[in-house]
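What follows is the content of data.cif, which has mmCIF, C-alpha atoms:
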data_target
loop_
_atom_site.label_atom_id
_atom_site.label_comp_id
_atom_site.auth_asym_id
_atom_site.auth_seq_id
_atom_site.Cartn_x
_atom_site.Cartn_y
_atom_site.Cartn_z
CA MET A 1 16.15 37.85 -6.28
CA HIS A 2 13.81 37.54 -9.25
CA SER A 3 14.67 39.74 -12.24
CA ILE A 4 11.19 41.28 -12.19
CA THR A 5 11.65 42.12 -8.50
CA ARG A 6 14.93 43.89 -9.24
CA GLU A 7 13.29 45.85 -12.03
CA ILE A 8 10.43 46.99 -9.80
CA ILE A 9 12.86 48.11 -7.09
CA LYS A 10 14.90 50.09 -9.62
CA SER A 11 12.08 51.57 -11.69
CA LYS A 12 9.40 52.19 -9.05
CA PHE A 13 11.59 53.13 -6.08
CA SER A 14 14.69 54.51 -7.86
CA ILE A 15 17.15 52.35 -5.95
CA ASN A 16 20.53 51.71 -7.55
CA GLU A 17 22.06 48.37 -8.42
CA GLU A 18 24.75 48.51 -5.70
CA ILE A 19 22.16 48.79 -2.93
CA ILE A 20 20.00 46.04 -4.41
CA SER A 21 23.02 43.74 -4.59
CA LEU A 22 23.92 44.56 -0.99
CA ALA A 23 20.38 43.71 0.14
CA GLU A 24 20.47 40.41 -1.75
CA SER A 25 23.84 39.50 -0.23
CA VAL A 26 22.70 40.38 3.30
CA THR A 27 19.49 38.36 2.92
CA GLN A 28 21.52 35.27 2.12
CA GLU A 29 23.97 35.99 4.94
CA VAL A 30 21.33 36.24 7.69
CA SER A 31 19.13 33.35 6.57
CA GLU A 32 20.50 30.97 9.22
CA VAL A 33 19.65 33.46 11.99
CA PHE A 34 16.07 33.51 10.72
CA GLU A 35 15.62 29.85 11.69
CA LYS A 36 15.88 30.78 15.37
CA VAL A 37 13.14 33.36 14.84
CA ASN A 38 10.90 30.74 13.24
CA ASP A 39 11.16 28.58 16.36
CA ILE A 40 10.06 31.51 18.54
CA VAL A 41 7.16 32.31 16.21
CA GLU A 42 5.89 28.74 16.26
CA CYS A 43 6.00 28.55 20.06
CA ASN A 44 4.15 31.84 20.52
CA GLN A 45 1.60 31.03 17.83
CA LEU A 46 0.74 27.83 19.69
CA LYS A 47 0.44 29.73 22.98
CA VAL A 48 -1.98 32.25 21.49
CA THR A 49 -4.04 29.60 19.70
CA ALA A 50 -4.25 27.44 22.83
CA ALA A 51 -5.46 30.44 24.85
CA MET A 52 -8.26 31.07 22.38
CA VAL A 53 -9.27 27.42 22.20
CA GLU A 54 -9.23 26.92 25.96
CA ASN A 55 -11.33 30.05 26.52
CA SER A 56 -13.93 28.81 24.00
CA LEU A 57 -13.65 31.86 21.76
CA SER A 58 -16.81 32.15 19.64
CA ASP A 59 -18.03 34.45 16.90
CA PHE A 60 -20.36 36.34 19.29
CA HIS A 61 -17.31 37.39 21.31
CA LEU A 62 -16.25 39.45 18.29
CA ASN A 63 -19.23 41.80 18.69
CA ASP A 64 -18.89 45.17 20.39
CA SER A 65 -20.67 47.10 23.11
CA THR A 66 -21.71 50.74 23.44
CA GLY A 67 -22.66 53.13 26.21
CA TYR A 68 -21.47 51.97 29.60
CA GLY A 69 -20.15 48.73 28.15
CA TYR A 70 -21.80 46.55 30.78
CA ASN A 71 -21.87 42.76 30.25
CA ASP A 72 -19.41 42.86 27.35
CA VAL A 73 -18.59 39.16 27.09
CA GLY A 74 -16.25 39.91 24.21
CA LEU A 75 -14.00 42.09 26.36
CA GLU A 76 -14.19 39.56 29.18
CA THR A 77 -12.96 36.87 26.80
CA ILE A 78 -10.21 39.07 25.37
CA GLU A 79 -8.92 39.65 28.88
CA ALA A 80 -9.13 35.97 29.73
CA VAL A 81 -7.14 35.16 26.58
CA PHE A 82 -4.49 37.78 27.38
CA SER A 83 -4.22 36.46 30.94
CA HIS A 84 -3.67 32.97 29.56
CA VAL A 85 -1.07 34.04 26.98
CA PHE A 86 0.89 36.13 29.48
CA GLY A 87 0.66 33.61 32.32
CA ALA A 88 -1.06 36.19 34.53
CA GLU A 89 -3.97 36.17 36.97
CA ASP A 90 -5.88 38.92 35.22
CA ALA A 91 -5.73 41.44 32.38
CA LEU A 92 -7.08 44.86 31.47
CA VAL A 93 -7.26 45.20 27.66
CA ARG A 94 -9.18 48.26 26.54
CA PRO A 95 -9.51 50.65 23.60
CA GLN A 96 -9.59 53.51 26.12
CA ILE A 97 -5.87 52.89 26.81
CA VAL A 98 -4.30 54.99 24.07
CA SER A 99 -0.60 54.12 24.33
CA GLY A 100 2.08 52.23 26.18
CA THR A 101 2.79 55.35 28.24
CA HIS A 102 -0.87 55.46 29.23
CA ALA A 103 -0.88 51.78 30.23
CA ILE A 104 2.23 52.23 32.37
CA THR A 105 0.75 55.38 33.91
CA LEU A 106 -2.32 53.38 34.99
CA CYS A 107 0.02 51.00 36.81
CA LEU A 108 1.92 53.81 38.53
CA PHE A 109 -1.14 55.71 39.72
CA GLY A 110 -3.14 52.56 40.39
CA VAL A 111 -0.61 51.17 42.87
CA LEU A 112 1.37 54.08 44.31
CA ARG A 113 0.09 56.36 47.08
CA PRO A 114 1.42 59.58 48.67
CA GLY A 115 4.61 58.84 50.61
CA ASP A 116 5.47 55.78 48.52
CA GLU A 117 8.59 55.59 46.38
CA LEU A 118 9.07 54.42 42.80
CA LEU A 119 12.51 53.08 41.93
CA SER A 120 13.62 52.69 38.32
CA VAL A 121 16.33 50.03 38.14
CA THR A 122 17.06 50.53 34.43
CA GLY A 123 18.16 54.15 34.51
CA ASP A 124 16.18 56.94 32.87
CA PRO A 125 12.64 55.92 31.94
CA TYR A 126 11.39 56.48 28.40
CA ASP A 127 11.04 60.16 27.50
CA THR A 128 7.23 60.27 27.63
CA LEU A 129 7.21 58.95 31.21
CA LYS A 130 9.35 61.77 32.61
CA ASP A 131 6.46 64.23 32.93
CA VAL A 132 4.29 61.45 34.37
CA ILE A 133 6.85 60.92 37.13
CA LEU A 134 8.45 64.32 37.68
CA GLY A 135 6.29 66.93 35.93
CA GLU A 136 5.51 70.18 37.75
CA ASN A 137 1.79 70.90 38.27
CA THR A 138 0.79 68.26 35.74
CA GLY A 139 -0.81 65.78 38.13
CA SER A 140 2.45 63.81 38.15
CA LEU A 141 3.67 61.39 40.80
CA LYS A 142 5.76 64.23 42.18
CA ASP A 143 2.67 66.43 42.55
CA TYR A 144 1.10 63.68 44.64
CA ASN A 145 4.14 63.45 46.94
CA ILE A 146 5.25 60.11 45.49
CA ASN A 147 9.03 59.96 45.56
CA TYR A 148 11.24 58.77 42.74
CA SER A 149 14.78 57.48 42.48
CA GLN A 150 16.73 55.48 39.94
CA VAL A 151 19.74 53.24 39.51
CA GLU A 152 21.80 53.53 36.36
CA LEU A 153 22.74 50.42 34.44
CA LYS A 154 26.30 49.21 34.82
CA ASN A 155 27.87 48.17 31.51
CA GLY A 156 24.38 47.83 30.11
CA LYS A 157 23.17 45.54 32.90
CA PRO A 158 21.33 46.05 36.20
CA ASP A 159 23.62 47.20 39.01
CA PHE A 160 22.52 44.80 41.74
CA GLU A 161 24.69 46.33 44.45
CA LYS A 162 23.33 49.84 43.87
CA ILE A 163 19.79 48.51 43.67
CA ARG A 164 20.14 47.01 47.15
CA GLU A 165 21.47 50.35 48.42
CA LYS A 166 18.57 52.29 46.90
CA ILE A 167 15.73 50.12 48.14
CA THR A 168 14.24 51.58 51.32
CA ALA A 169 11.22 50.95 53.52
CA LYS A 170 9.29 53.41 51.31
CA THR A 171 10.06 51.60 48.05
CA LYS A 172 6.63 50.39 46.92
CA MET A 173 7.29 49.72 43.24
CA VAL A 174 10.23 48.96 40.97
CA LEU A 175 10.05 49.95 37.30
CA ILE A 176 11.90 47.76 34.80
CA GLN A 177 12.08 49.02 31.23
CA ARG A 178 12.65 46.08 28.92
CA SER A 179 13.48 47.92 25.70
CA LYS A 180 16.28 50.39 25.18
CA GLY A 181 14.09 53.47 24.64
CA TYR A 182 16.10 56.38 23.24
CA SER A 183 19.42 54.95 24.39
CA LEU A 184 22.08 52.55 23.17
CA ARG A 185 21.87 50.16 26.09
CA PRO A 186 21.09 46.49 25.50
CA THR A 187 17.49 45.35 25.81
CA LEU A 188 16.83 43.20 28.86
CA ASP A 189 16.02 39.64 27.89
CA ILE A 190 13.62 37.46 29.83
CA ASP A 191 16.36 35.63 31.75
CA SER A 192 17.78 38.97 32.92
CA ILE A 193 14.34 40.20 33.94
CA LYS A 194 13.76 36.98 35.90
CA GLU A 195 17.09 37.32 37.70
CA LEU A 196 16.40 40.97 38.52
CA ILE A 197 12.92 40.32 39.90
CA GLU A 198 14.12 37.42 42.03
CA TYR A 199 16.87 39.64 43.46
CA ILE A 200 14.40 42.43 44.32
CA LYS A 201 11.89 40.03 45.86
CA ALA A 202 14.62 38.51 48.02
CA ILE A 203 15.18 41.97 49.50
CA ASN A 204 11.47 42.72 49.96
CA GLU A 205 8.85 40.36 48.58
CA ASN A 206 6.15 43.05 48.87
CA ILE A 207 7.74 45.37 46.32
CA VAL A 208 5.61 45.49 43.16
CA CYS A 209 7.71 44.77 40.08
CA LEU A 210 6.33 46.54 37.00
CA VAL A 211 7.77 45.78 33.56
CA ASP A 212 7.42 48.22 30.67
CA ASN A 213 7.00 45.53 28.00
CA CYS A 214 6.69 47.83 24.97
CA TYR A 215 8.34 46.37 21.83
CA GLY A 216 9.15 43.12 23.65
CA GLU A 217 6.02 40.97 23.37
CA PHE A 218 6.50 37.65 21.52
CA THR A 219 10.20 38.25 20.81
CA GLU A 220 10.97 35.37 23.17
CA THR A 221 8.97 32.34 24.28
CA LYS A 222 8.07 33.77 27.70
CA GLU A 223 6.69 37.08 28.95
CA PRO A 224 7.72 38.98 32.11
CA THR A 225 4.62 37.89 34.07
CA GLU A 226 5.68 34.29 33.49
CA VAL A 227 8.96 34.92 35.33
CA GLY A 228 7.72 36.85 38.36
CA ALA A 229 6.61 40.33 37.27
CA ASP A 230 3.63 41.59 39.29
CA LEU A 231 2.48 43.88 36.51
CA CYS A 232 3.34 44.19 32.84
CA ALA A 233 2.04 46.84 30.42
CA GLY A 234 2.17 47.73 26.76
CA SER A 235 0.41 49.03 23.66
CA LEU A 236 -1.74 47.24 21.10
CA ILE A 237 -0.40 49.38 18.25
CA LYS A 238 2.90 47.71 18.97
CA ASN A 239 3.60 43.96 19.01
CA PRO A 240 0.46 42.34 20.47
CA GLY A 241 -1.93 44.14 18.12
CA GLY A 242 -0.42 42.43 15.09
CA GLY A 243 -0.83 45.54 12.94
CA ILE A 244 -4.60 45.07 13.06
CA ALA A 245 -5.77 46.46 16.42
CA PRO A 246 -6.69 50.11 15.70
CA THR A 247 -5.85 51.37 19.19
CA GLY A 248 -5.68 50.15 22.78
CA GLY A 249 -3.31 48.96 25.43
CA TYR A 250 -3.04 46.28 28.07
CA VAL A 251 -2.07 45.66 31.67
CA VAL A 252 -1.56 42.08 32.87
CA GLY A 253 -0.56 40.74 36.25
CA LYS A 254 -1.89 40.01 39.70
CA ARG A 255 -5.66 40.33 39.96
CA GLU A 256 -5.73 42.83 42.83
CA LEU A 257 -3.22 45.10 41.09
CA VAL A 258 -4.97 44.93 37.71
CA GLU A 259 -8.21 45.92 39.43
CA ARG A 260 -6.52 49.00 40.89
CA CYS A 261 -5.33 49.94 37.40
CA ALA A 262 -8.91 49.59 36.13
CA TYR A 263 -10.08 51.95 38.91
CA ARG A 264 -7.57 54.47 37.65
CA LEU A 265 -8.67 54.07 34.03
CA TYR A 266 -12.38 54.49 34.78
CA ALA A 267 -13.43 55.28 38.36
CA PRO A 268 -13.04 53.78 41.84
CA GLY A 269 -15.69 51.14 42.34
CA LEU A 270 -16.38 50.77 38.61
CA GLY A 271 -13.11 49.33 37.34
CA LYS A 272 -13.42 46.53 34.80
CA ASN A 273 -17.23 46.50 35.00
CA CYS A 274 -17.59 49.30 32.45
CA GLY A 275 -16.00 50.59 29.28
CA PRO A 276 -17.53 50.07 25.81
CA SER A 277 -15.54 48.11 23.24
CA LEU A 278 -16.64 50.22 20.22
CA ASN A 279 -15.48 48.30 17.11
CA PHE A 280 -12.58 46.83 19.07
CA ASN A 281 -13.19 43.20 19.97
CA ARG A 282 -12.73 41.45 16.63
CA LEU A 283 -9.75 43.58 15.66
CA ALA A 284 -8.02 43.09 19.02
CA LEU A 285 -8.49 39.31 18.93
CA GLN A 286 -7.55 38.95 15.28
CA GLY A 287 -4.52 41.16 15.86
CA LEU A 288 -3.42 39.04 18.81
CA PHE A 289 -3.79 35.90 16.70
CA TYR A 290 -1.57 37.32 13.95
CA SER A 291 0.92 38.97 16.30
CA PRO A 292 3.41 36.09 16.78
CA MET A 293 3.88 35.86 13.00
CA VAL A 294 4.02 39.65 12.55
CA VAL A 295 6.54 40.04 15.39
CA GLY A 296 8.60 37.30 13.73
CA GLU A 297 8.64 39.31 10.49
CA ALA A 298 9.67 42.41 12.45
CA LEU A 299 12.48 40.44 14.13
CA LYS A 300 13.74 39.20 10.76
CA GLY A 301 13.60 42.75 9.47
CA SER A 302 15.56 44.00 12.47
CA ILE A 303 18.23 41.38 11.88
CA PHE A 304 18.43 42.35 8.21
CA ILE A 305 18.62 46.08 8.99
CA SER A 306 21.44 45.53 11.47
CA ARG A 307 23.58 43.63 8.99
CA PHE A 308 22.63 45.84 6.03
CA PHE A 309 23.78 49.00 7.77
CA GLU A 310 26.79 47.31 9.35
CA ARG A 311 27.90 46.41 5.84
CA ALA A 312 27.28 50.02 4.82
CA GLY A 313 29.71 51.16 7.54
CA PHE A 314 27.43 52.24 10.40
CA LYS A 315 27.46 51.28 14.06
CA VAL A 316 24.29 49.38 14.94
CA HIS A 317 22.79 48.12 18.19
CA PRO A 318 22.34 45.20 18.49
CA SER A 319 24.43 43.44 15.90
CA TYR A 320 22.60 41.12 13.53
CA ASN A 321 23.71 37.93 15.33
CA GLU A 322 23.10 39.08 18.91
CA LYS A 323 20.14 37.81 20.91
CA ARG A 324 17.11 40.10 20.66
CA SER A 325 14.38 40.76 23.18
CA ASP A 326 12.61 43.56 21.33
CA ILE A 327 12.02 44.69 17.75
CA VAL A 328 14.11 47.88 17.92
CA THR A 329 17.37 48.48 16.06
CA ALA A 330 19.44 51.60 16.72
CA ILE A 331 21.78 53.03 14.10
CA GLU A 332 24.32 55.74 14.86
CA MET A 333 23.97 58.30 12.06
CA GLY A 334 26.64 60.65 13.36
CA ASP A 335 25.02 63.94 12.34
CA LYS A 336 21.63 65.62 12.06
CA GLU A 337 21.58 65.72 8.26
CA SER A 338 22.17 61.98 7.88
CA LEU A 339 19.52 61.18 10.48
CA ILE A 340 16.90 63.30 8.72
CA ALA A 341 17.84 61.91 5.28
CA PHE A 342 17.46 58.36 6.61
CA CYS A 343 13.96 59.02 7.95
CA ARG A 344 12.87 60.74 4.76
CA GLY A 345 14.10 57.79 2.73
CA LEU A 346 12.22 55.32 4.88
CA GLN A 347 9.06 57.40 4.50
CA LYS A 348 9.31 57.09 0.70
CA ALA A 349 8.72 53.33 1.03
CA GLY A 350 5.67 53.64 3.26
CA PRO A 351 2.36 52.36 1.88
CA VAL A 352 0.64 55.46 3.31
CA ASP A 353 1.88 59.05 2.95
CA ALA A 354 4.97 58.14 0.95
CA HIS A 355 4.73 61.60 -0.63
CA ILE A 356 5.06 63.35 2.75
CA THR A 357 8.44 64.74 3.85
CA PRO A 358 9.05 64.18 7.58
CA GLU A 359 10.32 67.14 9.58
CA PRO A 360 11.61 67.37 13.16
CA TRP A 361 9.01 68.81 15.53
CA GLY A 362 8.29 69.36 19.21
CA MET A 363 6.24 66.24 19.87
CA PRO A 364 4.26 66.24 23.17
CA GLY A 365 6.04 64.38 25.96
CA TYR A 366 9.54 64.62 24.47
CA ALA A 367 12.35 66.87 25.72
CA HIS A 368 13.87 67.37 22.26
CA GLN A 369 12.51 67.74 18.77
CA VAL A 370 11.75 64.35 17.24
CA ILE A 371 11.56 63.21 13.64
CA MET A 372 9.31 60.28 12.81
CA ALA A 373 8.80 58.28 9.64
CA GLY A 374 6.68 55.32 8.70
CA GLY A 375 3.61 55.79 6.56
CA SER A 376 1.50 53.38 8.60
CA PHE A 377 -2.15 52.39 8.20
CA ILE A 378 -2.69 53.02 11.93
CA GLN A 379 -1.41 56.36 13.16
CA GLY A 380 1.78 55.92 15.17
CA ALA A 381 1.73 52.13 14.95
CA SER A 382 5.28 51.02 15.59
CA ILE A 383 4.58 47.38 14.79
CA GLU A 384 4.35 48.73 11.26
CA LEU A 385 7.68 49.76 9.77
CA SER A 386 8.67 53.06 11.34
CA ALA A 387 11.65 55.05 12.53
CA ASP A 388 12.01 57.89 14.96
CA ALA A 389 14.82 59.82 16.53
CA PRO A 390 15.34 62.69 18.94
CA ILE A 391 17.32 65.51 17.35
CA ARG A 392 20.23 65.32 19.74
CA GLU A 393 23.73 63.89 19.81
CA PRO A 394 24.87 61.25 18.98
CA TYR A 395 22.08 61.37 16.35
CA VAL A 396 20.79 57.84 16.62
CA VAL A 397 17.79 56.62 14.65
CA TYR A 398 15.59 53.89 16.12
CA ILE A 399 13.86 51.56 13.65
CA GLN A 400 11.12 49.18 14.66
CA GLY A 401 8.35 47.08 13.26
CA GLY A 402 7.38 45.93 9.82
CA ILE A 403 4.40 43.76 8.95
CA ASN A 404 6.43 41.70 6.49
CA PHE A 405 10.12 41.18 5.83
CA PHE A 406 10.03 42.25 2.19
CA HIS A 407 8.67 45.68 3.02
CA ILE A 408 11.28 46.12 5.74
CA LYS A 409 14.01 45.26 3.26
CA LEU A 410 12.62 47.83 0.83
CA GLY A 411 12.49 50.45 3.59
CA ALA A 412 16.16 49.90 4.44
CA MET A 413 17.18 50.20 0.80
CA SER A 414 15.10 53.34 0.35
CA ALA A 415 16.62 54.96 3.44
CA LEU A 416 20.18 54.35 2.28
CA GLN A 417 19.37 55.46 -1.27
CA ASN A 418 17.95 58.75 -0.01
CA MET A 419 21.08 59.37 2.02
CA ILE A 420 23.05 58.98 -1.21
CA ASP A 421 20.65 61.22 -3.11
CA GLU A 422 20.89 63.95 -0.47
CA GLY A 423 24.69 63.79 -0.51
CA VAL A 424 25.21 62.69 3.10
CA TYR A 425 26.49 59.20 2.23
CA LYS A 426 28.88 58.13 -0.50
CA VAL A 427 28.59 54.72 -2.10
CA LYS A 428 31.39 52.43 -1.02
CA THR A 429 32.37 48.85 -1.61
CA PHE A 430 30.04 46.98 0.71
#
Take the structure from the file and write it as structure tokens.
Amino acid sequence: MHSITREIIKSKFSINEEIISLAESVTQEVSEVFEKVNDIVECNQLKVTAAMVENSLSDFHLNDSTGYGYNDVGLETIEAVFSHVFGAEDALVRPQIVSGTHAITLCLFGVLRPGDELLSVTGDPYDTLKDVILGENTGSLKDYNINYSQVELKNGKPDFEKIREKITAKTKMVLIQRSKGYSLRPTLDIDSIKELIEYIKAINENIVCLVDNCYGEFTETKEPTEVGADLCAGSLIKNPGGGIAPTGGYVVGKRELVERCAYRLYAPGLGKNCGPSLNFNRLALQGLFYSPMVVGEALKGSIFISRFFERAGFKVHPSYNEKRSDIVTAIEMGDKESLIAFCRGLQKAGPVDAHITPEPWGMPGYAHQVIMAGGSFIQGASIELSADAPIREPYVVYIQGGINFFHIKLGAMSALQNMIDEGVYKVKTF
């Protein structure tokens, strides 16, 4: 580390010499693991570039539409590019999709009908989906007489035997959550998703397999729709937006199913034919172009954070040298005070709102109070460095994102330093 760099870290961010030395040591230790990430980045960058070249992307596609959004050739090209990148028949990529939860909800309500059953084969769905599925008088699946059941993971992996037992004649759709959500289970990698889908299709080939792909895009060289998923959904303020897309989400998959999702987003009979792009097209395309590189930086940051906090004495999931299929790292803090101090320390390194002190609050869609930190340019963008945690035992903080490795490293140092400053962590020999 350059002497000027050390001085800036100490003088501008008030981080002590022991933490700086730990960060420098960890950076050297994980450098070999980074080479594997570089290979993934190169492959995905070529995929994205090829999709843009083969769809004859031109400067006029970067313009936006207003009003009804009819004849928006920019949006049409964006969706053709996404289809190409994800190996899918069709795509719905729109600024009107406000989150990953919203994108997944379009898939659920677009495909399922009263009397059908949704089966989650990865245990509890993410917190914000629980009201979508089981809410009372909220317009949920339950309110529409759509049944729900789930199969818990077995030792962190799909329980194939129980899945076979749970599938019935009414099972219309299977939900597969790729990332860990607010849990300590392993993320499902692409090979595991492929195996799971093939198993389900062998039981009933008509079951629609939906993958919640949030946090997983471009972390491997294939996407779920390339290994058999019928539908795949996510958010553009996560991986595929590259930190540039200001909002939006996507659904990719089989053409007929994507069309049904578009009917749910807009109106039956209108579907993909309407929807203005409103200052979206250039940013969505540019974000997609940058996203393989940005996701690579986030992966390197996740690897660094895992080893950095392992060396500091914490339990982390996954370990720095385990295979990753998303950009999320979970750290067991052990108590509420440490968790809050961590998030406040991370916030101090944010480029935006570093002066703000995060507090736990009752965030819509979550069963417990949640504390969030990040200081991002785009509100809630978790491809930018951020951390969040439900205020519940075992007090685990989930860190994701980071536009560049050096900022992620600073964020980790700042989080640990604040824990020291607030008296919840004592410096030890790392």
### Query
What residues come out when you apply the PyMOL selection byres ((chain A and resi 140) around 12) to this file, written as an MDAnalysis selection string?
chainID A and resid 105:106 108:109 112:114 129:139 141:148
### Task
With a distance cut-off of 8 Å and all atoms listed in the file, select the neighbouring residues of segment 9-12 of chain A, excluding the residue or stretch itself and same-chain residues fewer than 5 positions from it, and output the selection as a list in words.
Glu17, Ile20 and Leu410 of chain A
#### Entry: Trp361 of chain A environment, 12 Å, only C-alpha atoms, sequence neighbours closer than 2 positions dropped, as an MDAnalysis selection string
chainID A and resid 340 358:359 363:372 388:391
Write the residues of the preceding selection, restricted to C-alpha atoms, as a short mmCIF file (atom, residue, chain, number, x, y, z; two decimals), in the frame of the given file.
data_model
loop_
_atom_site.label_atom_id
_atom_site.label_comp_id
_atom_site.auth_asym_id
_atom_site.auth_seq_id
_atom_site.Cartn_x
_atom_site.Cartn_y
_atom_site.Cartn_z
CA ILE A 340 16.90 63.30 8.72
CA PRO A 358 9.05 64.18 7.58
CA GLU A 359 10.32 67.14 9.58
CA MET A 363 6.24 66.24 19.87
CA PRO A 364 4.26 66.24 23.17
CA GLY A 365 6.04 64.38 25.96
CA TYR A 366 9.54 64.62 24.47
CA ALA A 367 12.35 66.87 25.72
CA HIS A 368 13.87 67.37 22.26
CA GLN A 369 12.51 67.74 18.77
CA VAL A 370 11.75 64.35 17.24
CA ILE A 371 11.56 63.21 13.64
CA MET A 372 9.31 60.28 12.81
CA ASP A 388 12.01 57.89 14.96
CA ALA A 389 14.82 59.82 16.53
CA PRO A 390 15.34 62.69 18.94
CA ILE A 391 17.32 65.51 17.35
#
### Message
From the options A:Val424, A:Asp127, A:Thr171, A:Val121, which residue's atoms come nearest to Lys154 of chain A, counting only C-alpha atoms?
### Response
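Of the candidates, the smallest distance to Lys154 of chain A is held by A:Val121.
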## Note on the structure
Here atom CA of Phe82 of chain A and atom CA of Val53 of chain A stand apart by 12.5 Å
### Distance of atom CA of Leu299 of chain A from atom CA of Glu18 of chain A, expressed in Å to one decimal place
24.7 Å
### Query
atom CA of Asp39 of chain A to atom CA of Gly296 of chain A: how many Å, to one decimal?
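These two atoms are separated by 9.5 Å.
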### Task
Given the file shown, enumerate the residues that the PyMOL selection byres ((chain A and resi 179) around 12) captures and present them as a PyMOL selection string.
chain A and resi 122-126+156+176-178+180-190+193+211-217+219+234+317-318+324-330+398+400
Can you write just those residues out, C-alpha atoms, as a tab-separated table (two decimals), in the frame of the given file?
chain	number	residue	atom	x	y	z
A	122	THR	CA	17.06	50.53	34.43
A	123	GLY	CA	18.16	54.15	34.51
A	124	ASP	CA	16.18	56.94	32.87
A	125	PRO	CA	12.64	55.92	31.94
A	126	TYR	CA	11.39	56.48	28.40
A	156	GLY	CA	24.38	47.83	30.11
A	176	ILE	CA	11.90	47.76	34.80
A	177	GLN	CA	12.08	49.02	31.23
A	178	ARG	CA	12.65	46.08	28.92
A	180	LYS	CA	16.28	50.39	25.18
A	181	GLY	CA	14.09	53.47	24.64
A	182	TYR	CA	16.10	56.38	23.24
A	183	SER	CA	19.42	54.95	24.39
A	184	LEU	CA	22.08	52.55	23.17
A	185	ARG	CA	21.87	50.16	26.09
A	186	PRO	CA	21.09	46.49	25.50
A	187	THR	CA	17.49	45.35	25.81
A	188	LEU	CA	16.83	43.20	28.86
A	189	ASP	CA	16.02	39.64	27.89
A	190	ILE	CA	13.62	37.46	29.83
A	193	ILE	CA	14.34	40.20	33.94
A	211	VAL	CA	7.77	45.78	33.56
A	212	ASP	CA	7.42	48.22	30.67
A	213	ASN	CA	7.00	45.53	28.00
A	214	CYS	CA	6.69	47.83	24.97
A	215	TYR	CA	8.34	46.37	21.83
A	216	GLY	CA	9.15	43.12	23.65
A	217	GLU	CA	6.02	40.97	23.37
A	219	THR	CA	10.20	38.25	20.81
A	234	GLY	CA	2.17	47.73	26.76
A	317	HIS	CA	22.79	48.12	18.19
A	318	PRO	CA	22.34	45.20	18.49
A	324	ARG	CA	17.11	40.10	20.66
A	325	SER	CA	14.38	40.76	23.18
A	326	ASP	CA	12.61	43.56	21.33
A	327	ILE	CA	12.02	44.69	17.75
A	328	VAL	CA	14.11	47.88	17.92
A	329	THR	CA	17.37	48.48	16.06
A	330	ALA	CA	19.44	51.60	16.72
A	398	TYR	CA	15.59	53.89	16.12
A	400	GLN	CA	11.12	49.18	14.66
